[in-house]
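J.: Got a structure for you, questions after.
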Amino acid sequence: MFSGGADDEDGSEFGSTMSSGSKLGSLFGMDRANTQDGNQSLQYIAPKQPKKGKSAKSGSGSGGGGGSEGTQAQVLHAVAVHAFRYTNSQYVKQGKLGAAILGYHGITDYKLLLYVSKQQQVTHAKITPNFTFTVQANNYATFYDEQRQNWSLMFDSEDSAFEFTKQIGLAKFNASGSNPSNVVYQELRLGQGPTLQEGDSVEVKYTGWLLENKAIGTAFDSNMSMEKAFRFKIGKGKVIKGWDQGVIGMKKGGKRLLLVPPSMAYGTRGMGSRIPPNATLVFDIEIRKIKFGRERDDTGSVSSASESVDPPMRALPDEPIGIGIPNNDDIKISNSSDHLSSSPGPNKAKLISRMAKMGQPMLPLSSTPGQDSTDSDVEVRTCILIFALLISHCNMFSRISLL
């Protein structure tokens with residue numbers, strides 16, 4: 001279809017349209033003198049504007065081309081793509097076509113056009129703020145034309161896909177009128193994993209431009225060359241409203257073009273010398289890292305026991321916490337030992353055994369597992385134990401003396 005034959009005038013012009021705005025303008029009827037003998041169906045004619053006076057009667061007034069912005073199409077961007085049409089439950093290759101974004105800024109009318117040459121238009125779709133241009137992996141993108149026919153485009157490189165998709169985003173924003181109040185976004189690259197929600201923390205790389213003459217203008221900020229990404233928590237008012245709302249739904253590794261009206265940015269105040277009052281801002285933003293909110297686990301789903309919600313639990317000891325019954329060998333009472341040492345040897349073992357038996361009912365029981373015991377509890381229980389043993393010891397000696 002695009003073989004470079006010597007007599008293929010249309011094919012050669014198609015190739016030059018990728019770098020020549022004037023020839024591309026001729027292709028779509030912008031140069032009317034050169035299209036008198038062409039196929040008139042290719043000339044993209046916008047709806048007529050309301051008459052404002054005698055000067056609006058024709059485009060040949062004293063102002064020269066002063067009214068051309070509203071009466072003639074501008075080719076905003078054009079590129080060669082591999083096109084596929086969805087037919088009978090499968091995509092059928094249509095060959096290499098031209099894809100162009102046309103705009104009438106004066107009447108906010110924008111279209112995506114697929115074409116073979118200036119004599120053959122393939123299809124077109126009207127670009128509105130709600131126009132869906134779905135990016136996919138491997139430099140593919142899909143859209144529906146005016147007849148609800150689904151098309152898939154494959155770009156030659158990621159940069160080519162990014163640039164074309166950015167222009168789609170600009171057209172969507174410009175189509176919203178002269179006083180937009182909402183953020184308009186266009187996906188540039190899909191990410192992976194769960195989507196961002198309010199309350200999540202995110203690290204981003206970005207570049208910001210001013211919107212000038214309905215196009216991307218002067219860059220006012222960027223952290224692309226910095227080692228660290230910019231981090232903020234969504235929905236906490238730490239950034240402009242356009243960012244808090246504009247990153248919702250993105251995924252890790254994703255890129256998005258944000259077009260932020262003044263009411264969602266710095267409003268009538270502006271920001272220093274870089275951002276004038278009432279400026280519309282354009283951001284190319286990429287998600288580098290995500291930390292999910294308090295009620296979401298690392299899969300992005302809501303979790304009632306997420307590690308990020310509660311502090312780590314205190315490690316439980318191998319043995320139950322509490323004061324158990326001590327071993328007899330561990331009990332050392334100096335006064336009792338002295339008295340026992342003076343007792344006859346054969347009776348010493350019997351006395352110790354009788355002391356243990358008599359003292360056991362008075363000892364505290366073990367605490368239940370998991371309950372904490374303080375040092376004071378230990379001291380109190382130890383004193384009770386010693387007191388019980390002393391009483392038992394005294395009773396034994398009184399019995400011995402009676403014998």
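Order determines the names: the first chain of the structure tokens is A, the second B, and so forth; residues in each chain are numbered 1 upward, and ligands are numbered 1 upward as they are shown.
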Which polymer residues have any atom within 10 Å of an atom of region 198-202 of chain A, counting only C-alpha atoms, with same-chain residues fewer than 6 positions away left out, as a VMD selection string?

T.: chain A and resid 229 to 236 244 to 245 247 to 249 252 287 to 296 300

J.: As a list of chain:residue names, please: the residues near Ala171 (chain A) (cut-off 8 Å, only C-alpha atoms, same-chain neighbours under 5 positions excluded).

T.: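 Once the nearby chain positions are removed, what remains is A:Gly103, A:Tyr110, A:Ile127, A:Thr128, A:Pro129.
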
J.: Which of these residues is nearest to Gln136 (chain A), using only C-alpha atoms: A:Leu259, A:Val92, A:Ile168, A:Leu190?

T.: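 Result for the nearest residue to Gln136 (chain A): A:Leu190.
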
J.: Could you check the closest approach to Phe220 (chain A) for each of A:Tyr266, A:Phe283, A:Phe84, A:Phe164 and tell me which residue wins, using only C-alpha atoms?

T.: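 Of A:Tyr266, A:Phe283, A:Phe84, A:Phe164, the one nearest Phe220 (chain A), counting only C-alpha atoms, is A:Phe283.
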
J.: For a quick check of understanding, using only C-alpha atoms, which of A:Met271, A:Val184, A:Leu153, A:Leu113 has the smallest distance to Gly169 (chain A)?

T.: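 With only C-alpha atoms as the atom set, the closest residue is A:Val184.
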
J.: Can you list, as a list of chain:residue names, all residues belonging to region 113-183 of chain A that DSSP tags as helix (DSSP H, G or I)?

T.: A:Ala137, A:Asn138, A:Asn139, A:Glu158, A:Asp159, A:Ser160, A:Ala161, A:Phe162, A:Glu163, A:Phe164, A:Thr165, A:Lys166, A:Gln167, A:Ile168, A:Gly169, A:Leu170, A:Ala171, A:Lys172, A:Phe173, A:Asn174

J.: Determine, counting only C-alpha atoms, which protein, DNA and RNA residues have an atom within 12 Å of an atom of Gln147 (chain A); residues of the same chain fewer than 4 positions away are not included. Present the result as a PyMOL selection string.

T.: chain A and resi 122-126+143+151

J.: Now that the selection is made, can you save its residues with all heavy atoms as a PDB file, in the first residue's frame?

T.:
```pdb
ATOM      1  N   VAL A 122      -9.707   6.689   5.818  1.00  0.00           N
ATOM      2  CA  VAL A 122     -10.161   5.371   6.263  1.00  0.00           C
ATOM      3  C   VAL A 122     -11.287   5.504   7.288  1.00  0.00           C
ATOM      4  O   VAL A 122     -12.366   4.955   7.118  1.00  0.00           O
ATOM      5  CB  VAL A 122      -8.989   4.557   6.838  1.00  0.00           C
ATOM      6  CG1 VAL A 122      -9.477   3.204   7.345  1.00  0.00           C
ATOM      7  CG2 VAL A 122      -7.910   4.371   5.787  1.00  0.00           C
ATOM      8  N   THR A 123     -11.035   6.239   8.362  1.00  0.00           N
ATOM      9  CA  THR A 123     -12.052   6.436   9.380  1.00  0.00           C
ATOM     10  C   THR A 123     -11.641   7.593  10.274  1.00  0.00           C
ATOM     11  O   THR A 123     -10.509   8.095  10.201  1.00  0.00           O
ATOM     12  CB  THR A 123     -12.247   5.159  10.223  1.00  0.00           C
ATOM     13  OG1 THR A 123     -13.399   5.315  11.059  1.00  0.00           O
ATOM     14  CG2 THR A 123     -11.037   4.878  11.093  1.00  0.00           C
ATOM     15  N   HIS A 124     -12.572   8.014  11.151  1.00  0.00           N
ATOM     16  CA  HIS A 124     -12.251   9.070  12.096  1.00  0.00           C
ATOM     17  C   HIS A 124     -13.108   8.907  13.348  1.00  0.00           C
ATOM     18  O   HIS A 124     -14.119   8.191  13.347  1.00  0.00           O
ATOM     19  CB  HIS A 124     -12.483  10.460  11.483  1.00  0.00           C
ATOM     20  CG  HIS A 124     -13.916  10.782  11.249  1.00  0.00           C
ATOM     21  ND1 HIS A 124     -14.582  10.394  10.100  1.00  0.00           N
ATOM     22  CD2 HIS A 124     -14.831  11.433  12.013  1.00  0.00           C
ATOM     23  CE1 HIS A 124     -15.833  10.808  10.158  1.00  0.00           C
ATOM     24  NE2 HIS A 124     -16.022  11.438  11.307  1.00  0.00           N
ATOM     25  N   ALA A 125     -12.681   9.558  14.410  1.00  0.00           N
ATOM     26  CA  ALA A 125     -13.409   9.540  15.677  1.00  0.00           C
ATOM     27  C   ALA A 125     -13.350  10.919  16.292  1.00  0.00           C
ATOM     28  O   ALA A 125     -12.298  11.573  16.269  1.00  0.00           O
ATOM     29  CB  ALA A 125     -12.807   8.507  16.625  1.00  0.00           C
ATOM     30  N   LYS A 126     -14.448  11.366  16.841  1.00  0.00           N
ATOM     31  CA  LYS A 126     -14.513  12.661  17.501  1.00  0.00           C
ATOM     32  C   LYS A 126     -13.882  12.545  18.891  1.00  0.00           C
ATOM     33  O   LYS A 126     -14.190  11.627  19.649  1.00  0.00           O
ATOM     34  CB  LYS A 126     -15.956  13.139  17.616  1.00  0.00           C
ATOM     35  CG  LYS A 126     -16.114  14.546  18.200  1.00  0.00           C
ATOM     36  CD  LYS A 126     -17.573  14.945  18.222  1.00  0.00           C
ATOM     37  CE  LYS A 126     -17.759  16.329  18.823  1.00  0.00           C
ATOM     38  NZ  LYS A 126     -17.123  17.386  17.999  1.00  0.00           N
ATOM     39  N   PHE A 143      -9.192   2.175  20.036  1.00  0.00           N
ATOM     40  CA  PHE A 143     -10.244   3.189  20.135  1.00  0.00           C
ATOM     41  C   PHE A 143     -11.416   2.765  19.267  1.00  0.00           C
ATOM     42  O   PHE A 143     -11.312   1.849  18.449  1.00  0.00           O
ATOM     43  CB  PHE A 143      -9.723   4.566  19.696  1.00  0.00           C
ATOM     44  CG  PHE A 143      -9.519   4.701  18.207  1.00  0.00           C
ATOM     45  CD1 PHE A 143     -10.498   5.271  17.386  1.00  0.00           C
ATOM     46  CD2 PHE A 143      -8.339   4.251  17.611  1.00  0.00           C
ATOM     47  CE1 PHE A 143     -10.309   5.385  16.017  1.00  0.00           C
ATOM     48  CE2 PHE A 143      -8.145   4.360  16.251  1.00  0.00           C
ATOM     49  CZ  PHE A 143      -9.130   4.933  15.447  1.00  0.00           C
ATOM     50  N   TRP A 151     -10.767  -0.229  16.588  1.00  0.00           N
ATOM     51  CA  TRP A 151      -9.491  -0.225  15.886  1.00  0.00           C
ATOM     52  C   TRP A 151      -8.339  -0.388  16.877  1.00  0.00           C
ATOM     53  O   TRP A 151      -8.418   0.087  18.002  1.00  0.00           O
ATOM     54  CB  TRP A 151      -9.297   1.081  15.113  1.00  0.00           C
ATOM     55  CG  TRP A 151     -10.214   1.243  13.946  1.00  0.00           C
ATOM     56  CD1 TRP A 151     -11.507   1.671  13.960  1.00  0.00           C
ATOM     57  CD2 TRP A 151      -9.893   0.957  12.589  1.00  0.00           C
ATOM     58  NE1 TRP A 151     -12.037   1.677  12.697  1.00  0.00           N
ATOM     59  CE2 TRP A 151     -11.058   1.249  11.820  1.00  0.00           C
ATOM     60  CE3 TRP A 151      -8.756   0.502  11.930  1.00  0.00           C
ATOM     61  CZ2 TRP A 151     -11.105   1.084  10.439  1.00  0.00           C
ATOM     62  CZ3 TRP A 151      -8.805   0.336  10.551  1.00  0.00           C
ATOM     63  CH2 TRP A 151      -9.959   0.616   9.823  1.00  0.00           C
TER      64      TRP A 151
END
```

J.: Work out how far apart CA of Gln72 (chain A) and CA of Glu146 (chain A) are and give it in Å to one decimal.

T.: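 According to the coordinates, CA of Gln72 (chain A) and CA of Glu146 (chain A) are separated by 21.1 Å.
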
J.: Select from region 246-286 of chain A everything DSSP, run on the backbone, classes as strand (DSSP E or B), then give the selection as a list in words.

T.: Lys252, Lys255, Arg256, Leu257, Leu258, Leu259, Val260, Met271, Ile275, Leu281, Val282, Phe283, Asp284, Ile285 and Glu286 of chain A

J.: For the residues selected in the previous step, produce a file with C-alpha atoms as an mmCIF file, in the first residue's frame.

T.:
```cif
data_model
loop_
_atom_site.group_PDB
_atom_site.id
_atom_site.type_symbol
_atom_site.label_atom_id
_atom_site.label_comp_id
_atom_site.auth_asym_id
_atom_site.auth_seq_id
_atom_site.Cartn_x
_atom_site.Cartn_y
_atom_site.Cartn_z
ATOM 1 C CA LYS A 252 2.986 0.801 39.976
ATOM 2 C CA LYS A 255 2.522 6.722 33.408
ATOM 3 C CA ARG A 256 -0.262 9.252 33.003
ATOM 4 C CA LEU A 257 -0.693 12.688 31.488
ATOM 5 C CA LEU A 258 -2.556 15.031 33.839
ATOM 6 C CA LEU A 259 -4.102 18.294 32.663
ATOM 7 C CA VAL A 260 -4.976 20.369 35.701
ATOM 8 C CA MET A 271 3.296 30.101 42.461
ATOM 9 C CA ILE A 275 3.618 29.533 37.591
ATOM 10 C CA LEU A 281 -0.700 22.778 34.284
ATOM 11 C CA VAL A 282 0.329 19.668 32.366
ATOM 12 C CA PHE A 283 2.106 16.802 34.140
ATOM 13 C CA ASP A 284 3.750 13.650 32.891
ATOM 14 C CA ILE A 285 3.708 11.521 36.037
ATOM 15 C CA GLU A 286 5.087 8.030 36.657
#
```

J.: Any idea what's packed within 8 Å of Ala78 (chain A), counting only C-alpha atoms, ignoring anything in its chain fewer than 2 positions away? Could you give it as a PyMOL selection string?

T.: chain A and resi 17-18+75-76+80+98-101+164

J.: List as a PyMOL selection string the protein and nucleic acid residues near Val81 (chain A), meaning an atom at most 6 Å away when only C-alpha atoms are counted, but skip any in the same chain fewer than 2 places from it.

T.: chain A and resi 96-97+154-155

J.: Near Gly217 (chain A), within 12 Å and counting only C-alpha atoms, which residues show up once chain neighbours fewer than 2 positions away are dropped, as a list in words?

T.: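 Close residues of Gly217 (chain A): Leu170, Thr207, Gly208, Trp209, Leu210, Leu211, Glu212, Asn213, Lys214, Ala215, Ala219, Phe220, Ile275, Ala279, Thr280, Leu281, Val282 and Phe283 of chain A.
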
J.: Find, counting only C-alpha atoms, the residue in A:Ala73, A:Leu112, A:Val204, A:Ile240 that gets nearest to Asn223 (chain A).

T.: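 Nearest candidate to Asn223 (chain A) out of A:Ala73, A:Leu112, A:Val204, A:Ile240: A:Val204.
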